[in-house]
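Q: protein.txt is the file, holding compact mmCIF, C-alpha atoms:
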# COMPACT_ATOMS: atom_id res chain seq x y z
CA MET P 232 -3.64 -9.44 72.02
CA ALA P 233 -5.23 -12.72 71.22
CA LEU P 234 -7.42 -10.99 68.66
CA LYS P 235 -4.45 -9.48 66.88
CA LYS P 236 -2.78 -12.87 66.60
CA ALA P 237 -5.86 -14.37 65.03
CA ARG P 238 -5.98 -11.70 62.30
CA ARG P 239 -2.45 -12.37 61.17
CA PRO P 240 -2.59 -14.41 57.95
CA SER P 241 -1.61 -17.97 58.27
CA ALA P 242 1.51 -19.17 56.49
CA ASP P 243 -0.24 -21.24 53.84
CA ALA P 244 -2.68 -18.57 52.62
CA GLY P 245 -2.08 -18.13 48.88
CA LEU P 246 -2.45 -15.03 46.76
CA ASN P 247 -5.78 -14.97 44.96
CA ILE P 248 -4.80 -14.65 41.33
CA THR P 249 -8.03 -15.79 39.74
CA SER P 250 -9.08 -12.30 38.67
CA MET P 251 -5.67 -11.61 37.18
CA MET P 252 -5.92 -14.93 35.39
CA ASP P 253 -9.22 -13.81 33.86
CA MET P 254 -7.63 -10.63 32.57
CA MET P 255 -4.59 -12.42 31.19
CA THR P 256 -6.75 -14.94 29.35
CA ILE P 257 -8.68 -12.17 27.63
CA ILE P 258 -5.47 -10.35 26.66
CA LEU P 259 -4.03 -13.62 25.39
CA VAL P 260 -6.99 -14.25 23.11
CA PHE P 261 -6.86 -10.69 21.77
CA LEU P 262 -3.14 -10.87 21.05
CA LEU P 263 -3.46 -14.25 19.39
CA LYS P 264 -6.10 -12.76 17.13
CA SER P 265 -3.83 -9.93 16.03
CA PHE P 266 -0.85 -12.24 15.60
CA SER P 267 0.86 -11.75 12.28
CA SER P 268 3.63 -13.52 10.51
CA SER P 269 4.02 -10.80 7.90
CA ASP P 270 7.48 -10.22 6.49
CA VAL P 271 6.95 -6.53 5.96
CA SER P 272 6.81 -4.04 8.76
CA VAL P 273 6.25 -0.32 8.71
CA ALA P 274 7.17 2.27 11.28
CA PRO P 275 4.49 4.94 10.88
CA SER P 276 5.46 8.46 11.80
CA ASP P 277 4.57 12.04 10.91
CA GLN P 278 6.87 11.73 7.93
CA LEU P 279 5.53 8.44 6.62
CA GLN P 280 1.79 7.93 6.41
CA LEU P 281 0.75 5.24 3.98
CA PRO P 282 -2.48 5.61 2.03
CA THR P 283 -5.34 3.14 2.39
CA SER P 284 -6.49 0.94 -0.43
CA THR P 285 -9.03 -1.78 -1.18
CA THR P 286 -6.41 -4.15 -2.59
CA GLN P 287 -6.23 -7.57 -0.97
CA LYS P 288 -2.80 -8.74 -2.12
CA ALA P 289 -0.49 -9.80 0.68
CA PRO P 290 2.97 -8.25 0.79
CA GLU P 291 6.00 -10.42 0.15
CA LEU P 292 9.64 -10.05 1.00
CA ALA P 293 11.65 -7.75 -1.28
CA VAL P 294 13.96 -4.78 -1.14
CA ASN P 295 12.28 -2.22 1.07
CA LEU P 296 12.31 1.34 -0.23
CA VAL P 297 10.79 3.96 2.06
CA VAL P 298 10.04 7.39 0.64
CA ALA P 299 9.14 9.61 3.58
CA LYS P 300 8.67 13.36 3.62
CA ASN P 301 12.11 13.95 5.08
CA GLN P 302 14.25 11.15 3.69
CA ILE P 303 14.59 8.10 1.46
CA VAL P 304 15.51 4.88 3.21
CA VAL P 305 16.64 1.60 1.60
CA ASP P 306 16.34 -1.49 3.82
CA GLY P 307 16.55 0.59 6.97
CA VAL P 308 19.55 2.69 5.91
CA PRO P 309 18.88 6.39 5.14
CA VAL P 310 20.19 7.35 1.72
CA ILE P 311 19.00 10.85 0.90
CA ALA P 312 17.53 13.71 2.86
CA MET P 313 14.62 15.46 1.16
CA THR P 314 14.22 19.18 0.85
CA THR P 315 11.25 21.48 0.49
CA MET P 316 11.21 24.03 -2.24
CA PRO P 317 8.68 26.69 -3.19
CA ASP P 318 6.07 25.52 -5.64
CA SER P 319 6.54 27.51 -8.82
CA ASP P 320 2.90 27.22 -9.90
CA ASN P 321 1.27 27.85 -6.54
CA PRO P 322 2.96 30.85 -4.91
CA GLY P 323 3.23 30.68 -1.17
CA GLN P 324 3.11 26.89 -1.08
CA SER P 325 6.02 24.53 -0.83
CA MET P 326 6.45 21.00 -2.03
CA VAL P 327 8.80 18.19 -1.10
CA ALA P 328 11.50 17.39 -3.63
CA VAL P 329 14.78 15.56 -3.98
CA PRO P 330 17.67 18.07 -3.79
CA GLU P 331 18.88 19.08 -7.25
CA ASP P 332 22.54 18.29 -6.49
CA GLU P 333 21.59 14.66 -5.68
CA LYS P 334 20.18 14.14 -9.13
CA ARG P 335 21.73 13.49 -12.51
CA GLY P 336 18.91 14.17 -14.91
CA GLN P 337 16.05 12.05 -13.61
CA VAL P 338 18.28 9.62 -11.70
CA ILE P 339 18.86 10.08 -7.97
CA THR P 340 22.53 9.09 -7.93
CA LYS P 341 23.00 7.87 -4.34
CA LEU P 342 19.76 5.91 -4.47
CA TYR P 343 20.79 4.39 -7.80
CA ASP P 344 24.14 3.24 -6.39
CA ARG P 345 22.51 1.70 -3.33
CA LEU P 346 19.81 -0.08 -5.33
CA LEU P 347 22.34 -1.40 -7.83
CA GLU P 348 24.30 -2.85 -4.91
CA LYS P 349 21.14 -4.55 -3.68
CA ALA P 350 20.38 -5.91 -7.16
CA GLU P 351 23.90 -7.30 -7.56
CA ALA P 352 23.77 -8.88 -4.09
CA ALA P 353 20.40 -10.48 -4.85
CA LYS P 354 21.71 -11.83 -8.16
CA THR P 355 24.81 -13.33 -6.55
CA LEU P 356 22.62 -14.95 -3.92
CA ALA P 357 20.28 -16.35 -6.55
CA GLU P 358 23.22 -17.77 -8.50
CA GLN P 359 24.69 -19.44 -5.44
CA SER P 360 21.43 -20.98 -4.33
CA GLY P 361 20.72 -22.19 -7.86
CA ASN P 362 17.04 -22.32 -6.99
CA GLU P 363 14.55 -21.05 -9.53
CA GLU P 364 12.37 -19.69 -6.74
CA HIS P 365 15.06 -17.29 -5.57
CA ALA P 366 15.84 -15.88 -8.99
CA PHE P 367 16.15 -12.11 -9.11
CA LYS P 368 12.90 -10.66 -10.41
CA GLY P 369 13.49 -7.00 -9.68
CA ARG P 370 10.79 -6.78 -7.03
CA ILE P 371 10.81 -3.72 -4.83
CA LEU P 372 8.46 -2.70 -2.05
CA ILE P 373 7.76 1.02 -2.10
CA GLN P 374 6.40 2.66 1.03
CA CYS P 375 5.54 6.21 0.10
CA ASP P 376 3.97 8.98 2.14
CA LYS P 377 0.50 9.80 0.87
CA GLU P 378 1.15 13.54 0.72
CA LEU P 379 4.14 13.31 -1.59
CA PRO P 380 3.72 14.72 -5.10
CA PHE P 381 4.04 12.43 -8.10
CA SER P 382 7.22 14.20 -9.25
CA VAL P 383 9.14 12.65 -6.32
CA LEU P 384 7.62 9.22 -6.89
CA ARG P 385 8.40 9.39 -10.60
CA GLU P 386 12.08 10.10 -9.96
CA VAL P 387 12.24 7.28 -7.42
CA MET P 388 10.50 4.86 -9.82
CA TYR P 389 12.73 5.90 -12.68
CA THR P 390 15.86 5.43 -10.56
CA ALA P 391 14.66 2.00 -9.40
CA GLY P 392 13.95 1.08 -13.01
CA GLN P 393 17.47 2.05 -14.02
CA ALA P 394 18.82 -0.11 -11.19
CA GLN P 395 16.97 -3.15 -12.63
CA PHE P 396 14.01 -3.03 -10.27
CA GLY P 397 10.96 -3.04 -12.52
CA GLU P 398 8.29 -4.75 -10.45
CA PHE P 399 6.94 -2.18 -8.05
CA LYS P 400 4.84 -3.14 -5.08
CA PHE P 401 3.27 -0.17 -3.39
CA VAL P 402 2.67 -0.88 0.27
CA VAL P 403 -0.67 0.43 1.55
CA TYR P 404 -2.95 -0.04 4.53
CA LYS P 405 -5.70 -2.48 3.82
CA THR P 406 -9.27 -1.36 4.44
CA GLU P 407 -11.61 -4.12 5.58
CA MET Z 184 -15.26 -37.59 59.29
CA ALA Z 185 -12.37 -36.92 56.95
CA ARG Z 186 -14.79 -36.58 54.10
CA LYS Z 187 -16.72 -33.91 55.89
CA LYS Z 188 -13.55 -31.87 56.43
CA HIS Z 189 -12.80 -32.03 52.72
CA THR Z 190 -16.12 -30.50 51.74
CA GLU Z 191 -15.66 -27.68 54.20
CA GLN Z 192 -12.28 -26.54 52.82
CA PRO Z 193 -12.10 -27.08 49.05
CA GLU Z 194 -8.60 -27.14 47.67
CA ASP Z 195 -7.78 -24.12 45.49
CA LEU Z 196 -6.67 -24.84 41.94
CA ASN Z 197 -2.98 -24.10 41.62
CA LEU Z 198 -2.91 -21.48 38.87
CA VAL Z 199 0.68 -20.40 39.33
CA PRO Z 200 2.18 -22.49 36.46
CA VAL Z 201 -0.56 -21.32 34.10
CA MET Z 202 0.14 -17.73 35.17
CA ASN Z 203 3.83 -18.22 34.40
CA LEU Z 204 3.06 -19.49 30.97
CA VAL Z 205 0.62 -16.70 30.18
CA THR Z 206 2.97 -14.00 31.46
CA ILE Z 207 5.68 -15.23 29.12
CA LEU Z 208 3.30 -15.58 26.18
CA ILE Z 209 1.95 -12.04 26.46
CA PRO Z 210 5.19 -10.12 25.74
CA PHE Z 211 5.94 -12.51 22.91
CA LEU Z 212 2.55 -12.02 21.29
CA LEU Z 213 2.67 -8.28 21.87
CA MET Z 214 5.86 -8.15 19.81
CA ALA Z 215 4.31 -10.11 16.97
CA ALA Z 216 0.95 -8.35 17.10
CA GLU Z 217 -0.12 -6.49 14.02
CA PHE Z 218 -2.45 -3.60 14.59
CA VAL Z 219 -2.65 -2.47 10.98
CA SER Z 220 -2.87 -4.89 8.12
CA LEU Z 221 -0.76 -4.20 5.06
CA ALA Z 222 -1.37 -4.97 1.44
CA VAL Z 223 0.44 -4.23 -1.81
CA ILE Z 224 -0.56 -2.86 -5.20
CA ASP Z 225 1.36 -4.28 -8.14
CA SER Z 226 2.67 -2.07 -10.84
CA THR Z 227 5.38 -2.47 -13.43
CA LEU Z 228 7.56 -0.24 -15.51
CA PRO Z 229 5.93 0.52 -18.85
CA ALA Z 230 8.60 -1.36 -20.82
CA ILE Z 231 8.22 -4.69 -19.03
CA GLY Z 232 4.53 -4.73 -18.27
CA PRO Z 233 2.37 -7.85 -18.36
CA PRO Z 234 2.41 -9.50 -21.78
CA GLN Z 235 -0.03 -7.97 -24.21
CA PRO Z 236 -2.46 -10.35 -25.87
CA VAL Z 237 -0.96 -11.31 -29.20
CA GLU Z 238 -4.07 -12.31 -31.12
CA GLU Z 239 -5.42 -9.37 -33.07
CA GLN Z 240 -9.11 -8.72 -33.34
CA PRO Z 241 -9.55 -7.21 -36.77
CA ASP Z 242 -13.01 -5.82 -36.09
CA LYS Z 243 -11.97 -3.99 -32.95
CA PRO Z 244 -9.14 -1.54 -32.57
CA PRO Z 245 -7.06 -2.37 -29.51
CA LEU Z 246 -7.98 -0.50 -26.36
CA ASN Z 247 -5.18 1.64 -25.10
CA LEU Z 248 -6.83 2.94 -21.98
CA SER Z 249 -5.12 5.81 -20.20
CA LEU Z 250 -6.19 7.92 -17.26
CA ALA Z 251 -4.76 11.40 -17.06
CA ILE Z 252 -4.95 12.67 -13.49
CA THR Z 253 -4.70 16.40 -12.98
CA ALA Z 254 -5.85 18.93 -10.42
CA ASP Z 255 -9.01 19.44 -12.50
CA GLY Z 256 -10.10 15.82 -12.46
CA VAL Z 257 -9.51 12.58 -14.30
CA THR Z 258 -9.54 12.37 -18.09
CA VAL Z 259 -10.17 9.00 -19.73
CA LEU Z 260 -8.11 8.64 -22.90
CA GLY Z 261 -8.09 6.00 -25.60
CA ALA Z 262 -11.72 4.95 -25.26
CA ASP Z 263 -13.51 7.55 -27.36
CA ALA Z 264 -15.54 4.83 -29.11
CA VAL Z 265 -17.29 4.10 -25.82
CA LEU Z 266 -17.49 7.58 -24.39
CA ASN Z 267 -18.68 9.30 -27.58
CA PRO Z 268 -20.41 6.59 -29.60
CA GLY Z 269 -20.85 7.48 -33.25
CA ALA Z 270 -18.68 10.54 -33.12
CA ALA Z 271 -15.61 10.62 -35.31
CA PRO Z 272 -12.41 10.63 -33.27
CA THR Z 273 -11.19 14.20 -33.15
CA PRO Z 274 -7.45 14.64 -33.32
CA PRO Z 275 -6.05 16.73 -30.50
CA VAL Z 276 -5.67 20.34 -31.46
CA GLU Z 277 -2.58 22.23 -30.41
CA GLY Z 278 -3.33 24.40 -27.42
CA GLU Z 279 -6.84 23.08 -26.99
CA VAL Z 280 -7.79 22.24 -23.42
CA ARG Z 281 -10.51 19.64 -23.14
CA PRO Z 282 -12.54 19.43 -19.96
CA PRO Z 283 -11.77 16.29 -17.93
CA THR Z 284 -14.06 13.31 -18.39
CA VAL Z 285 -14.61 13.10 -14.65
CA PRO Z 286 -14.42 16.61 -13.21
CA CYS Z 287 -14.13 17.43 -9.53
CA LYS Z 288 -17.32 17.40 -7.51
CA SER Z 289 -16.82 21.02 -6.53
CA GLY Z 290 -15.99 22.07 -10.08
CA GLY Z 291 -12.70 23.78 -10.81
CA LYS Z 292 -9.65 22.52 -8.97
CA CYS Z 293 -9.96 19.50 -6.74
CA THR Z 294 -9.36 20.34 -3.10
CA GLY Z 295 -8.62 16.86 -1.82
CA VAL Z 296 -8.94 13.16 -2.37
CA ASP Z 297 -12.68 13.11 -1.69
CA ASP Z 298 -13.32 15.88 -4.18
CA TYR Z 299 -12.52 13.59 -7.11
CA ASP Z 300 -15.60 11.75 -8.35
CA TRP Z 301 -14.36 8.18 -7.89
CA LYS Z 302 -17.80 6.58 -8.27
CA GLU Z 303 -18.30 8.25 -11.65
CA LEU Z 304 -14.84 7.13 -12.78
CA THR Z 305 -15.61 3.54 -11.81
CA ARG Z 306 -18.95 3.75 -13.65
CA ILE Z 307 -17.29 4.98 -16.85
CA LEU Z 308 -14.57 2.32 -16.61
CA ALA Z 309 -17.25 -0.34 -16.15
CA LEU Z 310 -18.85 0.84 -19.41
CA ILE Z 311 -15.51 0.54 -21.17
CA LYS Z 312 -15.02 -2.92 -19.66
CA ASP Z 313 -18.38 -3.96 -21.14
CA GLU Z 314 -17.00 -3.18 -24.60
CA TYR Z 315 -13.54 -4.65 -24.00
CA PRO Z 316 -14.05 -7.57 -21.61
CA ASP Z 317 -10.61 -9.07 -22.25
CA ASP Z 318 -8.61 -5.94 -21.63
CA GLU Z 319 -7.00 -5.63 -18.23
CA ASN Z 320 -4.39 -2.93 -18.62
CA VAL Z 321 -4.66 0.73 -17.72
CA ILE Z 322 -2.01 3.41 -17.97
CA LEU Z 323 -1.95 6.20 -15.42
CA VAL Z 324 -0.57 9.55 -16.52
CA PRO Z 325 -0.53 11.75 -13.42
CA ASP Z 326 0.37 15.40 -13.24
CA GLN Z 327 3.55 16.35 -11.37
CA ARG Z 328 1.70 17.72 -8.36
CA VAL Z 329 -0.83 14.95 -7.97
CA LYS Z 330 -0.47 13.43 -4.54
CA TYR Z 331 0.42 9.76 -4.14
CA GLU Z 332 -2.80 9.22 -2.19
CA ILE Z 333 -4.84 10.25 -5.24
CA LEU Z 334 -2.80 7.90 -7.41
CA VAL Z 335 -3.61 5.00 -5.10
CA LYS Z 336 -7.29 5.97 -5.09
CA THR Z 337 -7.33 6.00 -8.90
CA MET Z 338 -5.81 2.52 -8.93
CA ASP Z 339 -8.52 1.39 -6.50
CA SER Z 340 -11.27 2.85 -8.65
CA SER Z 341 -9.94 1.21 -11.79
CA ARG Z 342 -9.17 -2.17 -10.23
CA GLU Z 343 -12.66 -3.30 -9.33
CA ASP Z 344 -16.23 -2.15 -9.18
CA VAL Z 345 -17.19 -2.58 -5.53
CA ASP Z 346 -20.79 -1.49 -6.12
CA ASN Z 347 -21.34 -4.12 -8.78
CA LYS Z 348 -20.90 -7.47 -7.10
CA GLY Z 349 -21.16 -10.72 -9.02
CA ALA Z 350 -23.03 -13.85 -8.01
CA ASP Z 351 -20.11 -15.00 -5.89
CA GLY Z 352 -20.17 -11.79 -3.85
CA LYS Z 353 -16.88 -10.59 -5.29
CA ALA Z 354 -16.54 -7.15 -6.80
CA ARG Z 355 -16.35 -7.04 -10.58
CA THR Z 356 -12.78 -6.84 -11.83
CA LEU Z 357 -12.17 -3.96 -14.21
CA PHE Z 358 -8.57 -3.15 -15.12
CA PRO Z 359 -6.25 -4.64 -12.49
CA PHE Z 360 -2.92 -4.23 -14.32
CA VAL Z 361 -1.70 -0.72 -13.71
CA VAL Z 362 1.23 0.89 -15.43
CA ILE Z 363 2.31 4.32 -14.28
CA ALA Z 364 3.63 6.45 -17.09
CA GLY Z 365 6.12 9.17 -16.39
CA GLY Z 366 3.90 11.96 -17.57
CA ALA Z 367 5.27 15.08 -19.16
CA VAL Z 368 8.76 16.01 -18.04
CA ASN Z 369 9.01 19.67 -17.28
Once you've parsed the file, please lay out its structure as C-alpha cells.
A:
Amino acid sequence: MALKKARRPSADAGLNITSMMDMMTIILVFLLKSFSSSDVSVAPSDQLQLPTSTTQKAPELAVNLVVAKNQIVVDGVPVIAMTTMPDSDNPGQSMVAVPEDEKRGQVITKLYDRLLEKAEAAKTLAEQSGNEEHAFKGRILIQCDKELPFSVLREVMYTAGQAQFGEFKFVVYKTE
Amino acid sequence: MARKKHTEQPEDLNLVPVMNLVTILIPFLLMAAEFVSLAVIDSTLPAIGPPQPVEEQPDKPPLNLSLAITADGVTVLGADAVLNPGAAPTPPVEGEVRPPTVPCKSGGKCTGVDDYDWKELTRILALIKDEYPDDENVILVPDQRVKYEILVKTMDSSREDVDNKGADGKARTLFPFVVIAGGAVN
C-alpha cells in the first residue's frame, strides 16, 4: 500500500516536452526556409501540369488565365469546358480542343467577354489611382498544361490579344 | 545547506511559452510554404513586340530568325547565311519539303520532348549569335499539334546556352525575346 502511494506522481511533476521542442524547432526552420511571399499560386492537378523551364524571372501579379485539359479558368472562375475530339491526322488518337460552338472564327467568345471585362476593370482602376505604376499594360499570366497542343494555346493567345492583353507571361516550374 | 539542495534538484527550464509560440507559428508557415518555385517566360504578341533596333547596318541584312517546330524536328529559318555559308539563298519551291535543320534523335517523327535534339539547336543558335551579336529576337512557328511542353523547351534552348558559361559563371544569352507566331491556320 505504501509502495503504491510512492509511485503515484507528485502534483508538481511537469510534462517533459524537450523532445517535442526539438522536433518543432526543426520543422520551424524547414518551414521558414520554404516560406514564400509569391503573389502567384497554382493548384496542380491531373488536368493542369505546368512544364519546367530554366527561366529565372519571378512571376508578378496579373490576370490569371489557367488553361487546363478540362477547362479554361480566369481568375479562379471557370469560363469554358474543353472537349476532346478525334485527331484527323492521327487516327485513333484524340486531342483536346475548344468546342466549336464556343468559337467565332479564332476567338473564344466567352473567354473574350470575360477578359475584356477584366481589361476594362483594370483600366478604370488605373485611371482612378492616377499612378503611373498601375497603368494597364495588358499583362496576363498563362498557366497551361504541358500536354495541350499548340492549336488550343494559339486560340487562347489570339483571344487574349483581341481583348487587349498582349504581354503574355507563361507560368512554369523553375528548375534549380 | 540550501545551496546543496539546489544542486541536487536543478530547476527545469519552462518551455511552455516557447511551445505555444512555435505551435502557432507552424500552421501559419505551413500555409505560406512554397514547395515548388514558379517562374515566368515573357512573350508578346507579334504586333507589339520589343522595339526593333532602328539603325540599319548596310553591310548586313537584318536577321529575321524563326524556328519552325514540327513533329519532325526544328527548322531554323532566316539564317541561311550562317547555316550554309557561301551558298546562294534558294527560294522555297512549291511543294518541296526540306528536312529540318535539327531532326529528331530517333529520326522520323519525334516521340517526346527528349527526342528533340535541344543541344544541337542551342549549338546552331550560338553560331548564329556569333554572327549577329546584337540580335535578341526569335520567332517561334509551331505546328498545330506541337505540345506546349515542347514550345517551352524550345524557348529554353534559344534563351541561353547553359553549356557555354561566361567568366561570371552565367550562361551565355542567345535570343531571349520570344514571339510566338500563329503558324498556318488550317
Q: Using all atoms listed in the file, which residues of chain Z come within 7 Å of chain P, and what is the closest atom pair for each, with the distance in Å to one decimal? Give it as a Markdown table, sorted by chain and residue number.
A:
| residue | atom | partner | partner_atom | distance |
| --- | --- | --- | --- | --- |
| Z:Met202 | CA | P:Met252 | CA | 6.7 |
| Z:Val205 | CA | P:Met255 | CA | 6.8 |
| Z:Ile209 | CA | P:Leu259 | CA | 6.3 |
| Z:Leu212 | CA | P:Leu262 | CA | 5.8 |
| Z:Leu213 | CA | P:Leu262 | CA | 6.4 |
| Z:Ala215 | CA | P:Phe266 | CA | 5.7 |
| Z:Ala216 | CA | P:Phe266 | CA | 4.5 |
| Z:Glu217 | CA | P:Ser265 | CA | 5.4 |
| Z:Phe218 | CA | P:Ser265 | CA | 6.6 |
| Z:Val219 | CA | P:Tyr404 | CA | 6.9 |
| Z:Ser220 | CA | P:Lys405 | CA | 5.7 |
| Z:Leu221 | CA | P:Tyr404 | CA | 4.7 |
| Z:Ala222 | CA | P:Ala289 | CA | 5.0 |
| Z:Val223 | CA | P:Val402 | CA | 4.5 |
| Z:Ile224 | CA | P:Phe401 | CA | 5.0 |
| Z:Asp225 | CA | P:Lys400 | CA | 4.8 |
| Z:Ser226 | CA | P:Phe399 | CA | 5.1 |
| Z:Thr227 | CA | P:Glu398 | CA | 4.7 |
| Z:Leu228 | CA | P:Gly397 | CA | 5.3 |
| Z:Asp326 | CA | P:Phe381 | CA | 7.0 |
| Z:Gln327 | CA | P:Ser382 | CA | 4.8 |
| Z:Arg328 | CA | P:Pro380 | CA | 4.9 |
| Z:Val329 | CA | P:Pro380 | CA | 5.4 |
| Z:Lys330 | CA | P:Pro380 | CA | 4.4 |
| Z:Tyr331 | CA | P:Lys377 | CA | 5.0 |
| Z:Glu332 | CA | P:Lys377 | CA | 4.5 |
| Z:Val335 | CA | P:Ser284 | CA | 6.8 |
| Z:Lys336 | CA | P:Ser284 | CA | 6.9 |
| Z:Asp339 | CA | P:Thr285 | CA | 6.2 |
| Z:Gly365 | CA | P:Arg385 | CA | 6.2 |
Q: Could you please determine the separation between atom CA of Lys302 of chain Z and atom CA of Val324 of chain Z in Å, to one decimal place?
A: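 A separation of 19.3 Å between them.
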Q: Padding 6 Å on each side, edges along x, y and z: where is the centre of the box around the listed atoms of segment 208-220 of chain Z, and how long are its edges in Å to one decimal? Output it as AutoDock Vina command-line options.
A:
--center_x 1.5 --center_y -9.0 --center_z 17.3 --size_x 20.8 --size_y 25.1 --size_z 30.3
Q: Would you list the contacts of segment 304-306 of chain Z as a PyMOL selection string, taking every protein, DNA or RNA residue within 12 Å and counting all atoms listed in the file, but skipping same-chain residues closer than 4 positions in sequence?
A: chain Z and resi 250-252+256-259+266+283-288+299-300+310-313+336-347+354-358
Q: Can you work out the spacing between atom CA of His365 of chain P and atom CA of Val362 of chain Z in Å, to one decimal?
A: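 So the two atoms, atom CA of His365 of chain P and atom CA of Val362 of chain Z, lie 24.9 Å apart.
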Q: Nearest residue to Lys349 of chain P out of P:Ile303, P:Ile311, P:Ile371, P:Val297, using only C-alpha atoms?
A: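 Smallest distance to Lys349 of chain P is found for P:Ile371.
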Q: Work out how far apart atom CA of Val387 of chain P and atom CA of Ile322 of chain Z are and give it in Å to one decimal.
A: 18.1 Å
Q: Would you please take segment 375-394 of chain P of the structure in the block above and write C-alpha atoms to a file as a compact mmCIF listing (two decimals), in the first residue's frame?
A:
# COMPACT_ATOMS: atom_id res chain seq x y z
CA CYS P 375 -1.11 25.99 -69.47
CA ASP P 376 -0.99 22.22 -69.18
CA LYS P 377 2.14 20.83 -70.79
CA GLU P 378 0.26 18.22 -72.82
CA LEU P 379 -2.00 20.68 -74.60
CA PRO P 380 -1.48 21.11 -78.35
CA PHE P 381 -0.43 24.47 -79.74
CA SER P 382 -3.78 24.88 -81.54
CA VAL P 383 -5.52 25.44 -78.18
CA LEU P 384 -2.83 27.80 -76.95
CA ARG P 385 -2.94 29.77 -80.20
CA GLU P 386 -6.69 30.34 -79.91
CA VAL P 387 -6.30 31.39 -76.28
CA MET P 388 -3.43 33.76 -77.14
CA TYR P 389 -5.34 35.20 -80.07
CA THR P 390 -8.43 35.77 -77.92
CA ALA P 391 -6.33 37.43 -75.20
CA GLY P 392 -4.71 39.61 -77.84
CA GLN P 393 -8.11 40.71 -79.11
CA ALA P 394 -9.11 41.57 -75.53
